[in-house]
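Step one of this worksheet: look at the structure below.
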Amino acid sequence: MADRAVERATAVVIGAGHAGLAASHFLSARSIDHVVLERGQVANSWRTERWDSLRLLTPNWLSRLPGHRYQGPDPDGYMTMPEVVDFIEQFAVSVRAPVRTDTTVQRLSRTDDGYRVATDQGLLDCRAVILATGACNVPVVPPLSEGVPSGIRQLTPFDHGELRELPEGGVLVVGASATGVQLAAEFRRRGHPVTLCVGEHVRLPRTYRGRDVLWWMAESGVWDQRYDELDDLTRARRLPSPQLVGTPERTTLDLNVLRSMGVETVGRLAGVRDGRALFSGGLRNVFALADLKMRRLLDTFDQWAREHRHDDEIDAPERFPATSVPESARLQLDLGSGDFRTIVWATGFRPDYRWLDVPVLDAKGQLRHEGGVVDSPGLYALGLPVLRRRKSTFIHGIEDDAREVVDHLTRYLGHGARHRIRDDACCSR
Amino acid sequence: MTTVTNGVNVQALLDAREVLRGAPEAAQFTWRASSTWQNGVHSRTTIQNFFGLGQEQNHKTEAVFDADHPEVFAAEDNGITPIEYLLVGLASCLTAGVASVAQNRGIQLRSVQATVEGQHDIRGILGVDSDVRNGFNDVKVTFSIDADASPEEIEALVAQSQKRSAVFDALTNPTNVTVEVA
């Protein structure tokens with residue numbers, strides 16, 4: 001090992017998605033020499049880990065990165081995945097990010113004065129590291145999936161090849177976040193009987209009072225709520241993604257829409273026993289919780305519009321019908337009957353930190369950090385849910401977070417330098 | 001700070017939540033009941049101790065519950081029907097939740113009434129029709145709440161109390177049950 005060349009940089013950014021590139025932009029602006037390591041190509045997850053029909057949930061006019069915004073003809077539309085990749089690639093070029101593609105980090109560990117990054121291309125020592133590897137590296141599949149009979153094909157949103165063409169017959173989609181509702185709608189349109197398991201979820205209309213609901217989130221300040229102002233940060237960070245879809249028609253995709261398409265809704269998948277899927281009988285309450293929460297959010301929007309005298313420019317307040325409860329929701333389903341051939345686990349994602357050899361994970365495998373400042377000096381994170389604000393995981397949400405995290409990193413390097421000088425003085429005496 | 005007096009020590013609960021976050025083992029409770037057959041379909045169940053916070057615990061007094069079946073079941077009606085105890089559990093659990101959530105949200109309660117109805121087709125337990133289940137087909141809880149709060153806030157109280165209810169969860173989700181002979 002000793003004779004193997006170890007390269008040095010002041011900072012290393014891991015991941016060249018929008019978060020890592022935004023970090024690179026601010027590091028360059030502060031003249032901090034750094035490299036951005038990327039296991040694949042720029043915007044790798046958007047290229048390889050998303051299903052075909054997915055579009056961004058945020059409208060184009062809102063999809064902006066530091067100094068970089070959508071210039072195309074359709075500001076109210078939603079980018080397709082190839083468009084997102086282009087958008088992020090252009091950003092990488094415009095900020096001249098020092099990206100090293102096809103460089104996989106295999107281990108990150110502490111050294112006396114910083115970190116050692118071991119990659120499949122060699123070793124790198126640095127004083128600070130920004131983890132920008134994303135929040136959705138691995139699909140989460142609950143342990144109860146082990147009880148599913150072997151004749152049923154089990155897929156996750158990462159299996160985009162197989163999702164393109166499912167075996168004929170029924171599909172059980174587990175989870176009613178943006179992913180779950182979008183996939184349920186797509187399978188239904190392709191003619192599959194679809195049953196959707198619904199636990200706690202976030203209901204939102206696509207447009208409200210004539211504006212995109214995310215316009216409201218941005219303008220009213222809800223999205224700017226800081227992590228240290230929230231009542232229950234743990235809960236905010238675990239919140240499923242809202243039931244939204246980006247389509248040219250700007251349509252709402254809530255459970256009422258799904259039911260009108262013929263998608264059956266059942267309660268949360270609570271167990272699989274003797275080849276039967278068992279669903280919770282608490283469906284009515286998860287509907288009530290989501291309806292109440294949506295109504296409170298719309299009240300917040302209305303109040304903001306009133307206080308800021310926007311009522312004249314915007315359509316009148318709207319209220320949406322409650323989520324309709326099935327006459328009698330099914331409590332179980334025989335997975336061996338042959339009616340159902342596929343289960344799609346839309347049960348969330350988690351980051352992959354297997355390469356992280358710094359003790360900064362809690363008992364549940366989550367990174368311990370305070371607004372992106374990880375619990376190890378010189379280590380930072382970006383692009384995690386509600387990292388510093390509610391908007392943290394949305395593309396436009398990265399700018400404020402990246403600026404503040406890099407500011408902290410810059411101060412840290414400054415302090416570190418002073419300490420080192422003092423240490424040197426001690427030694428020379 | 002809050003002047004609401006629903007009689008729930010929310011601070012103690014919030015403190016416990018903080019402590020148990022770092023000590024999951026202390027959060028492991030075992031609840032126990034002990035039942036003795038009396039005669040016919042009449043049994044008497046007593047509850048006195050439980051395990052929790054890492055040690056044996058006792059209720060202040062032992063509680064005694066007679067369960068029997070009504071006369072229309074050709075029984076002596078020495079107590080309520082076992083399945084009615086589920087209604088007792090559900091109503092009291094949700095009501096406790098309403099009071100706790102209201103206290104936490106600064107909502108003063110004046111009265112809380114819950115009516116619980118369980119729809120039960122007894123052809124199941126009698127073995128008349130094997131397609132009919134033994135347990136409830138449907139359970140409906142109706143709350144009447146008088147409080148210093150808007151109808152929406154009251155709806156939210158009731159929704160949150162279901163979200164955090166042990167008995168609501170136990171009734172709406174499957175649970176592994178082992179019955180064996182000692």
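Numbering starts fresh at 1 for the residues of each chain in the structure tokens, the chains themselves are lettered A, B, ... in the order given, and ligands are numbered from 1 as they appear.
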| request: Select residues of chain A: the criterion is any atom within 7 Å of an atom of chain B, counting only C-alpha atoms; output as number ranges by chain. | output: A: 270-271, 280-282, 285, 288-289, 292
| Test item: residues at most 6 Å from Thr101 of chain A, only C-alpha atoms, excluding those fewer than 4 positions along its chain, as a ChimeraX atom specification | /A:38,40-41
With N, CA and C atoms kept, could you save the residues just selected as a compact mmCIF listing (two decimals), in the first residue's frame?
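Result written to selection-v2.txt:
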```txt
# COMPACT_ATOMS: atom_id res chain seq x y z
N GLU A 38 -17.95 10.03 -9.62
CA GLU A 38 -19.23 9.51 -10.12
C GLU A 38 -19.04 8.07 -10.57
N GLY A 40 -20.96 6.27 -12.38
CA GLY A 40 -21.34 6.06 -13.78
C GLY A 40 -21.09 7.33 -14.57
N GLN A 41 -22.18 7.86 -15.13
CA GLN A 41 -22.11 9.12 -15.87
C GLN A 41 -22.84 10.19 -15.06
```
| request: With a distance cut-off of 10 Å and only C-alpha atoms, select the neighbouring residues of segment 209-225 of chain A, excluding the residue or stretch itself and same-chain residues fewer than 3 positions from it, and output the selection as JSON, numbers by chain. | output: {"A": [57, 58, 59, 61, 62, 76, 204, 205, 206, 228, 229, 230, 244, 250, 297, 298, 300, 301, 302, 303, 304, 305, 308, 311, 313, 314, 315, 316, 317, 318, 319, 386, 388, 389, 390, 391, 392, 394, 396, 397, 400]}
Output for the residues just chosen: N, CA and C atoms as a CSV table (one decimal), in the first residue's frame:
```csv
chain,number,residue,atom,x,y,z
A,57,LEU,N,-41.8,15.7,-11.1
A,57,LEU,CA,-43.0,16.2,-10.4
A,57,LEU,C,-43.1,17.7,-10.5
A,58,THR,N,-41.9,18.3,-10.6
A,58,THR,CA,-41.8,19.8,-10.6
A,58,THR,C,-42.0,20.4,-12.0
A,59,PRO,N,-42.8,21.4,-12.2
A,59,PRO,CA,-42.9,22.0,-13.5
A,59,PRO,C,-41.5,22.6,-14.0
A,61,TRP,N,-40.6,25.5,-15.2
A,61,TRP,CA,-40.1,26.8,-14.7
A,61,TRP,C,-39.5,26.8,-13.3
A,62,LEU,N,-39.9,25.7,-12.6
A,62,LEU,CA,-39.4,25.6,-11.2
A,62,LEU,C,-38.1,24.8,-11.1
A,76,ASP,N,-44.6,25.3,-18.3
A,76,ASP,CA,-45.6,24.6,-17.4
A,76,ASP,C,-45.5,23.1,-17.5
A,204,LEU,N,-52.4,15.3,-2.9
A,204,LEU,CA,-52.3,16.7,-3.4
A,204,LEU,C,-53.0,16.8,-4.7
A,205,PRO,N,-53.7,17.9,-5.0
A,205,PRO,CA,-54.2,18.1,-6.4
A,205,PRO,C,-53.0,18.6,-7.2
A,206,ARG,N,-53.1,18.3,-8.5
A,206,ARG,CA,-52.0,18.8,-9.4
A,206,ARG,C,-52.0,20.3,-9.5
A,228,ASP,N,-35.0,22.9,11.3
A,228,ASP,CA,-35.0,23.2,12.7
A,228,ASP,C,-36.2,23.9,13.2
A,229,GLU,N,-37.2,24.2,12.3
A,229,GLU,CA,-38.4,24.8,12.7
A,229,GLU,C,-39.6,23.8,12.7
A,230,LEU,N,-39.4,22.6,12.3
A,230,LEU,CA,-40.5,21.7,12.1
A,230,LEU,C,-40.7,21.0,13.5
A,244,LEU,N,-48.5,12.8,-6.9
A,244,LEU,CA,-48.5,13.7,-8.0
A,244,LEU,C,-47.9,13.0,-9.2
A,250,ARG,N,-51.6,18.1,-17.1
A,250,ARG,CA,-51.6,18.6,-15.7
A,250,ARG,C,-52.8,18.0,-14.9
A,297,LEU,N,-53.4,22.1,4.4
A,297,LEU,CA,-52.4,22.7,3.5
A,297,LEU,C,-53.1,23.8,2.6
A,298,LEU,N,-54.3,23.4,2.1
A,298,LEU,CA,-55.0,24.4,1.2
A,298,LEU,C,-55.4,25.6,2.0
A,300,THR,N,-53.8,26.8,4.4
A,300,THR,CA,-52.5,27.6,4.5
A,300,THR,C,-52.3,28.5,3.3
A,301,PHE,N,-52.5,27.8,2.1
A,301,PHE,CA,-52.3,28.5,0.8
A,301,PHE,C,-53.3,29.7,0.8
A,302,ASP,N,-54.6,29.4,1.1
A,302,ASP,CA,-55.6,30.5,1.0
A,302,ASP,C,-55.3,31.7,1.9
A,303,GLN,N,-54.8,31.3,3.1
A,303,GLN,CA,-54.5,32.4,4.0
A,303,GLN,C,-53.4,33.2,3.5
A,304,TRP,N,-52.4,32.5,2.9
A,304,TRP,CA,-51.2,33.2,2.4
A,304,TRP,C,-51.7,34.2,1.2
A,305,ALA,N,-52.5,33.6,0.4
A,305,ALA,CA,-53.0,34.4,-0.8
A,305,ALA,C,-53.8,35.6,-0.3
A,308,HIS,N,-51.3,38.2,1.3
A,308,HIS,CA,-50.4,38.8,0.3
A,308,HIS,C,-51.2,39.4,-0.9
A,311,ASP,N,-55.5,37.3,-4.1
A,311,ASP,CA,-56.8,36.7,-4.4
A,311,ASP,C,-57.4,37.2,-5.7
A,313,GLU,N,-55.7,37.9,-8.5
A,313,GLU,CA,-55.0,37.3,-9.7
A,313,GLU,C,-55.2,35.8,-9.8
A,314,ILE,N,-55.7,35.2,-8.7
A,314,ILE,CA,-55.8,33.7,-8.7
A,314,ILE,C,-57.2,33.3,-8.7
A,315,ASP,N,-57.5,32.1,-9.2
A,315,ASP,CA,-58.9,31.6,-9.2
A,315,ASP,C,-59.4,31.5,-7.7
A,316,ALA,N,-60.7,31.3,-7.6
A,316,ALA,CA,-61.3,31.2,-6.3
A,316,ALA,C,-60.8,29.9,-5.6
A,317,PRO,N,-60.9,29.9,-4.2
A,317,PRO,CA,-60.5,28.7,-3.5
A,317,PRO,C,-61.4,27.5,-3.9
A,318,GLU,N,-60.8,26.4,-3.9
A,318,GLU,CA,-61.5,25.1,-4.2
A,318,GLU,C,-61.4,24.2,-3.1
A,319,ARG,N,-62.4,23.3,-3.0
A,319,ARG,CA,-62.3,22.2,-2.1
A,319,ARG,C,-62.6,20.9,-2.8
A,386,VAL,N,-35.7,16.6,3.5
A,386,VAL,CA,-35.8,17.7,4.5
A,386,VAL,C,-34.4,17.9,5.1
A,388,ARG,N,-32.2,20.4,4.9
A,388,ARG,CA,-32.3,21.7,5.6
A,388,ARG,C,-33.6,22.4,5.4
A,389,ARG,N,-34.4,22.0,4.5
A,389,ARG,CA,-35.7,22.6,4.2
A,389,ARG,C,-36.6,21.5,3.6
A,390,ARG,N,-37.9,21.8,3.6
A,390,ARG,CA,-38.9,20.9,3.0
A,390,ARG,C,-38.6,20.6,1.6
A,391,LYS,N,-38.0,21.6,0.9
A,391,LYS,CA,-37.7,21.4,-0.6
A,391,LYS,C,-36.4,20.7,-0.9
A,392,SER,N,-35.7,20.2,0.1
A,392,SER,CA,-34.4,19.7,-0.1
A,392,SER,C,-34.2,18.7,-1.2
A,394,PHE,N,-36.1,18.3,-3.9
A,394,PHE,CA,-36.5,18.7,-5.2
A,394,PHE,C,-35.3,19.4,-5.9
A,396,HIS,N,-34.9,22.2,-7.5
A,396,HIS,CA,-34.6,23.6,-7.2
A,396,HIS,C,-34.3,23.8,-5.8
A,397,GLY,N,-34.5,22.8,-4.9
A,397,GLY,CA,-34.3,22.9,-3.5
A,397,GLY,C,-32.8,22.8,-3.1
A,400,ASP,N,-30.1,26.4,-2.1
A,400,ASP,CA,-29.9,27.0,-0.8
A,400,ASP,C,-29.1,26.0,0.1
```
| query | DSSP on the backbone: what in segment 28-62 of chain A comes out strand (DSSP E), as an NGL selection string? | reply | :A and (34-37)
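When the distance limit is 12 Å and only C-alpha atoms are what count, the residues near Glu56 of chain B, minus those fewer than 2 positions from it on the same chain, are Ala26, Gln28, Phe29, Thr30, Trp31, Arg32, Gln48, Asn49, Phe50, Phe51, Gly52, Leu53, Gly54, Asn58 and His59 of chain B.
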Include C-alpha atoms and write out the residues we just selected as a JSON list (two decimals), in the first residue's frame.
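Output (again_29.json):
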```json
[["chain", "number", "residue", "atom", "x", "y", "z"],
["B", 26, "ALA", "CA", -37.27, -0.69, 28.09],
["B", 28, "GLN", "CA", -40.93, -3.95, 25.63],
["B", 29, "PHE", "CA", -44.08, -4.65, 27.63],
["B", 30, "THR", "CA", -45.91, -7.89, 28.32],
["B", 31, "TRP", "CA", -49.57, -7.60, 29.26],
["B", 32, "ARG", "CA", -51.14, -10.55, 31.04],
["B", 48, "GLN", "CA", -52.97, -7.74, 38.24],
["B", 49, "ASN", "CA", -49.42, -7.56, 36.96],
["B", 50, "PHE", "CA", -47.57, -6.84, 33.77],
["B", 51, "PHE", "CA", -43.98, -6.43, 32.66],
["B", 52, "GLY", "CA", -42.54, -3.18, 31.37],
["B", 53, "LEU", "CA", -39.72, -0.65, 31.68],
["B", 54, "GLY", "CA", -37.43, -3.60, 32.36],
["B", 58, "ASN", "CA", -48.44, -4.08, 39.32],
["B", 59, "HIS", "CA", -51.78, -2.41, 38.89]]
```
